[in-house]
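S.K.: One file: my_file_9.pdb (PDB, C-alpha atoms, pLDDT in the B column).
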```
ATOM      1  CA  MET A 196      78.219 115.240 125.815  1.00 52.00           C
ATOM      2  CA  ASP A 197      78.027 111.880 124.059  1.00 55.00           C
ATOM      3  CA  ASN A 198      81.443 110.196 124.136  1.00 56.00           C
ATOM      4  CA  SER A 199      80.277 106.929 122.595  1.00 59.00           C
ATOM      5  CA  PHE A 200      82.236 105.435 119.739  1.00 65.00           C
ATOM      6  CA  SER A 201      80.578 103.881 116.731  1.00 69.00           C
ATOM      7  CA  PRO A 202      82.886 102.171 114.228  1.00 78.00           C
ATOM      8  CA  ASP A 203      82.477 102.767 110.511  1.00 88.00           C
ATOM      9  CA  LEU A 204      81.348  99.348 109.233  1.00 91.00           C
ATOM     10  CA  ILE A 205      80.972  97.974 105.722  1.00 92.00           C
ATOM     11  CA  THR A 206      79.650  94.671 104.397  1.00 92.00           C
ATOM     12  CA  LEU A 207      81.341  93.213 101.328  1.00 91.00           C
ATOM     13  CA  ILE A 208      80.151  90.268  99.259  1.00 89.00           C
ATOM     14  CA  ASP A 209      82.847  87.959  97.905  1.00 88.00           C
ATOM     15  CA  GLU A 210      82.869  86.130  94.561  1.00 88.00           C
ATOM     16  CA  ASN A 211      80.959  83.225  96.166  1.00 95.00           C
ATOM     17  CA  GLY A 212      78.143  85.487  97.387  1.00 94.00           C
ATOM     18  CA  ILE A 213      79.241  85.302 101.040  1.00 92.00           C
ATOM     19  CA  GLU A 214      78.952  88.466 103.126  1.00 92.00           C
ATOM     20  CA  HIS A 215      81.914  89.647 105.208  1.00 90.00           C
ATOM     21  CA  ASN A 216      81.790  92.526 107.689  1.00 91.00           C
ATOM     22  CA  PHE A 217      84.685  94.947 108.067  1.00 93.00           C
ATOM     23  CA  GLU A 218      85.522  98.026 110.070  1.00 92.00           C
ATOM     24  CA  ILE A 219      86.966 100.853 107.985  1.00 94.00           C
ATOM     25  CA  LEU A 220      90.140 101.783 109.847  1.00 93.00           C
ATOM     26  CA  ASP A 221      91.231 104.509 107.460  1.00 94.00           C
ATOM     27  CA  ARG A 222      90.944 105.680 103.884  1.00 95.00           C
ATOM     28  CA  ILE A 223      93.334 107.668 101.733  1.00 93.00           C
ATOM     29  CA  GLU A 224      93.474 109.117  98.254  1.00 92.00           C
ATOM     30  CA  GLU A 225      96.671 108.456  96.359  1.00 82.00           C
ATOM     31  CA  ASN A 226      97.272 109.023  92.634  1.00 82.00           C
ATOM     32  CA  ASP A 227      93.591 109.963  92.071  1.00 89.00           C
ATOM     33  CA  LYS A 228      92.395 106.646  93.565  1.00 94.00           C
ATOM     34  CA  GLN A 229      90.798 105.853  96.898  1.00 96.00           C
ATOM     35  CA  TYR A 230      92.174 103.105  99.146  1.00 97.00           C
ATOM     36  CA  PHE A 231      90.736 101.596 102.319  1.00 97.00           C
ATOM     37  CA  ALA A 232      92.323  99.836 105.292  1.00 96.00           C
ATOM     38  CA  LEU A 233      89.761  97.300 106.538  1.00 95.00           C
ATOM     39  CA  MET A 234      89.751  95.029 109.597  1.00 91.00           C
ATOM     40  CA  PRO A 235      87.454  91.997 109.709  1.00 90.00           C
ATOM     41  CA  VAL A 236      84.608  92.166 112.230  1.00 89.00           C
ATOM     42  CA  TYR A 237      83.897  88.865 113.942  1.00 78.00           C
ATOM     43  CA  GLU A 238      80.530  87.661 115.200  1.00 78.00           C
ATOM     44  CA  ASN A 239      81.967  85.832 118.199  1.00 71.00           C
ATOM     45  CA  ASN A 240      84.865  86.653 120.486  1.00 66.00           C
ATOM     46  CA  GLU A 241      86.615  83.313 119.946  1.00 65.00           C
ATOM     47  CA  ASP A 242      87.061  84.017 116.222  1.00 62.00           C
ATOM     48  CA  MET A 243      88.540  87.410 117.099  1.00 60.00           C
ATOM     49  CA  LEU A 244      90.898  85.803 119.605  1.00 59.00           C
ATOM     50  CA  TYR A 245      92.378  83.528 116.921  1.00 63.00           C
ATOM     51  CA  SER A 246      92.537  86.117 114.142  1.00 65.00           C
ATOM     52  CA  SER A 247      95.899  87.258 112.810  1.00 67.00           C
ATOM     53  CA  GLY A 248      95.044  90.896 113.545  1.00 68.00           C
ATOM     54  CA  GLU A 249      96.002  91.900 110.019  1.00 84.00           C
ATOM     55  CA  TYR A 250      94.086  94.486 108.076  1.00 90.00           C
ATOM     56  CA  THR A 251      93.308  94.380 104.362  1.00 92.00           C
ATOM     57  CA  ILE A 252      93.994  97.151 101.852  1.00 94.00           C
ATOM     58  CA  LEU A 253      91.436  97.488  99.067  1.00 96.00           C
ATOM     59  CA  GLU A 254      91.017 100.040  96.307  1.00 96.00           C
ATOM     60  CA  ALA A 255      87.795 101.540  94.998  1.00 96.00           C
ATOM     61  CA  ILE A 256      87.287 100.688  91.325  1.00 94.00           C
ATOM     62  CA  ASP A 257      84.522 101.435  88.835  1.00 92.00           C
ATOM     63  CA  VAL A 258      82.867  98.370  87.316  1.00 91.00           C
ATOM     64  CA  ASN A 259      80.178  99.282  84.803  1.00 93.00           C
ATOM     65  CA  GLY A 260      79.382 102.513  86.659  1.00 92.00           C
ATOM     66  CA  GLU A 261      79.250 100.819  90.074  1.00 90.00           C
ATOM     67  CA  GLU A 262      81.894 101.405  92.731  1.00 90.00           C
ATOM     68  CA  GLN A 263      83.412  98.182  94.044  1.00 91.00           C
ATOM     69  CA  LEU A 264      86.357  97.362  96.283  1.00 93.00           C
ATOM     70  CA  ALA A 265      89.114  95.136  94.955  1.00 93.00           C
ATOM     71  CA  GLU A 266      92.469  93.829  96.110  1.00 92.00           C
ATOM     72  CA  VAL A 267      95.507  95.923  95.257  1.00 93.00           C
ATOM     73  CA  GLU A 268      97.321  93.540  92.938  1.00 92.00           C
ATOM     74  CA  ASN A 269     100.543  95.503  92.458  1.00 94.00           C
ATOM     75  CA  SER A 270     102.818  94.376  95.310  1.00 94.00           C
ATOM     76  CA  ASP A 271     104.954  97.543  95.206  1.00 95.00           C
ATOM     77  CA  LEU A 272     101.854  99.739  95.465  1.00 94.00           C
ATOM     78  CA  ARG A 273     100.442  97.529  98.236  1.00 93.00           C
ATOM     79  CA  ARG A 274     103.718  97.880 100.170  1.00 94.00           C
ATOM     80  CA  GLU A 275     103.722 101.674  99.659  1.00 94.00           C
ATOM     81  CA  LEU A 276     100.101 101.948 100.820  1.00 95.00           C
ATOM     82  CA  SER A 277     100.833  99.756 103.824  1.00 93.00           C
ATOM     83  CA  GLU A 278     103.633 102.102 104.881  1.00 94.00           C
ATOM     84  CA  ILE A 279     101.326 105.118 104.506  1.00 94.00           C
ATOM     85  CA  PHE A 280      98.580 103.467 106.564  1.00 93.00           C
ATOM     86  CA  GLU A 281     101.051 102.300 109.235  1.00 91.00           C
ATOM     87  CA  ASN A 282     102.451 105.836 109.583  1.00 92.00           C
ATOM     88  CA  ARG A 283      98.936 107.235 109.893  1.00 91.00           C
ATOM     89  CA  PHE A 284      97.999 104.607 112.504  1.00 87.00           C
ATOM     90  CA  ASN A 285     101.122 105.458 114.502  1.00 86.00           C
ATOM     91  CA  GLU A 286     100.280 109.158 114.367  1.00 85.00           C
ATOM     92  CA  MET A 287      96.681 108.511 115.483  1.00 79.00           C
ATOM     93  CA  PHE A 288      97.386 106.065 118.293  1.00 75.00           C
ATOM     94  CA  TYR A 289     100.951 106.389 119.527  1.00 73.00           C
ATOM     95  CA  GLU A 290     102.119 109.961 119.203  1.00 63.00           C
ATOM     96  CA  ASP A 291     100.990 112.827 121.433  1.00 56.00           C
TER
END
```
Turn this file's structure into structure tokens for me.
M.R.:
Amino acid sequence: MDNSFSPDLITLIDENGIEHNFEILDRIEENDKQYFALMPVYENNEDMLYSSGEYTILEAIDVNGEEQLAEVENSDLRRELSEIFENRFNEMFYED
């Protein structure tokens, strides 16, 4: 039996053309939209050591027929999604 773990990784390109690697922690569908909780992946351990440990919530949007991920601009929605993700994380990692 293979018990190895392989994270679900994604590379995003920002508005300046710089690539950033993320691990997809979770994804949910809410109100007919898809949202992702992403954690930055660091190339060296020192960068990881000094990171804030915060994850980012992005939504899948359609731009000219191409799926892209964008920041959730509505602060109330972002707060609601954060609560949903936090509850799911707690269920996955802390409850038996």
S.K.: Excluding Leu204 of chain A and any residue of its chain fewer than 5 positions from it, enumerate the residues within 8 Å of it, using only C-alpha atoms, and give them as a PyMOL selection string.
M.R.: chain A and resi 216-219
S.K.: Keeping only C-alpha atoms, write the selected residues to a file as a compact mmCIF listing (two decimals), keeping the file's coordinate frame.
M.R.:
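Saved the output as again.txt:
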```txt
# COMPACT_ATOMS: atom_id res chain seq x y z
CA ASN A 216 81.79 92.53 107.69
CA PHE A 217 84.68 94.95 108.07
CA GLU A 218 85.52 98.03 110.07
CA ILE A 219 86.97 100.85 107.98
```
S.K.: Grab the atom CA of Glu275 of chain A to atom CA of Glu214 of chain A distance for me, in Å with one decimal place.
M.R.: 28.3 Å
S.K.: Could you tell me how far atom CA of Leu233 of chain A lies from atom CA of Leu276 of chain A, in Å and to one decimal?
M.R.: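 Atom CA of Leu276 of chain A lies at a distance of 12.7 Å from atom CA of Leu233 of chain A.
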S.K.: So that I can check the surroundings of His215 of chain A, please list as a compact mmCIF listing (two decimals) with C-alpha atoms, in the frame of the given file every protein, DNA and RNA residue that reaches within 8 Å of it, counting all atoms listed in the file and ignoring chain neighbours fewer than 6 positions away.
M.R.:
```txt
# COMPACT_ATOMS: atom_id res chain seq x y z
CA THR A 206 79.65 94.67 104.40
CA LEU A 207 81.34 93.21 101.33
CA ILE A 208 80.15 90.27 99.26
CA ASP A 209 82.85 87.96 97.90
CA PRO A 235 87.45 92.00 109.71
CA VAL A 236 84.61 92.17 112.23
```
S.K.: Nearest residue to Lys228 of chain A out of A:Glu262, A:Tyr250, A:Ala255, A:Ile205, using only C-alpha atoms?
M.R.: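 Of the candidates, the smallest distance to Lys228 of chain A is held by A:Ala255.
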S.K.: Write out as AutoDock Vina command-line options an axis-aligned box for segment 203-206 of chain A: all of its atoms listed in the file, 4 Å added on each side, centre and edge lengths in Å with one decimal.
M.R.:
```
--center_x 81.1 --center_y 98.7 --center_z 107.5 --size_x 10.8 --size_y 16.1 --size_z 14.1
```
S.K.: Applied to the shown file, which residues does the PyMOL selection byres ((chain A and resi 267) around 12) return, written as a tab-separated table (two decimals) with C-alpha atoms, in the coordinates of the input?
M.R.:
```
chain	number	residue	atom	x	y	z
A	228	LYS	CA	92.40	106.65	93.56
A	229	GLN	CA	90.80	105.85	96.90
A	230	TYR	CA	92.17	103.10	99.15
A	231	PHE	CA	90.74	101.60	102.32
A	232	ALA	CA	92.32	99.84	105.29
A	251	THR	CA	93.31	94.38	104.36
A	252	ILE	CA	93.99	97.15	101.85
A	253	LEU	CA	91.44	97.49	99.07
A	254	GLU	CA	91.02	100.04	96.31
A	255	ALA	CA	87.80	101.54	95.00
A	256	ILE	CA	87.29	100.69	91.32
A	264	LEU	CA	86.36	97.36	96.28
A	265	ALA	CA	89.11	95.14	94.96
A	266	GLU	CA	92.47	93.83	96.11
A	268	GLU	CA	97.32	93.54	92.94
A	269	ASN	CA	100.54	95.50	92.46
A	270	SER	CA	102.82	94.38	95.31
A	271	ASP	CA	104.95	97.54	95.21
A	272	LEU	CA	101.85	99.74	95.46
A	273	ARG	CA	100.44	97.53	98.24
A	274	ARG	CA	103.72	97.88	100.17
A	275	GLU	CA	103.72	101.67	99.66
A	276	LEU	CA	100.10	101.95	100.82
A	277	SER	CA	100.83	99.76	103.82
```
S.K.: Between atom CA of Asp221 of chain A and atom CA of Phe280 of chain A, what is the spacing in Å?
M.R.: 7.5 Å
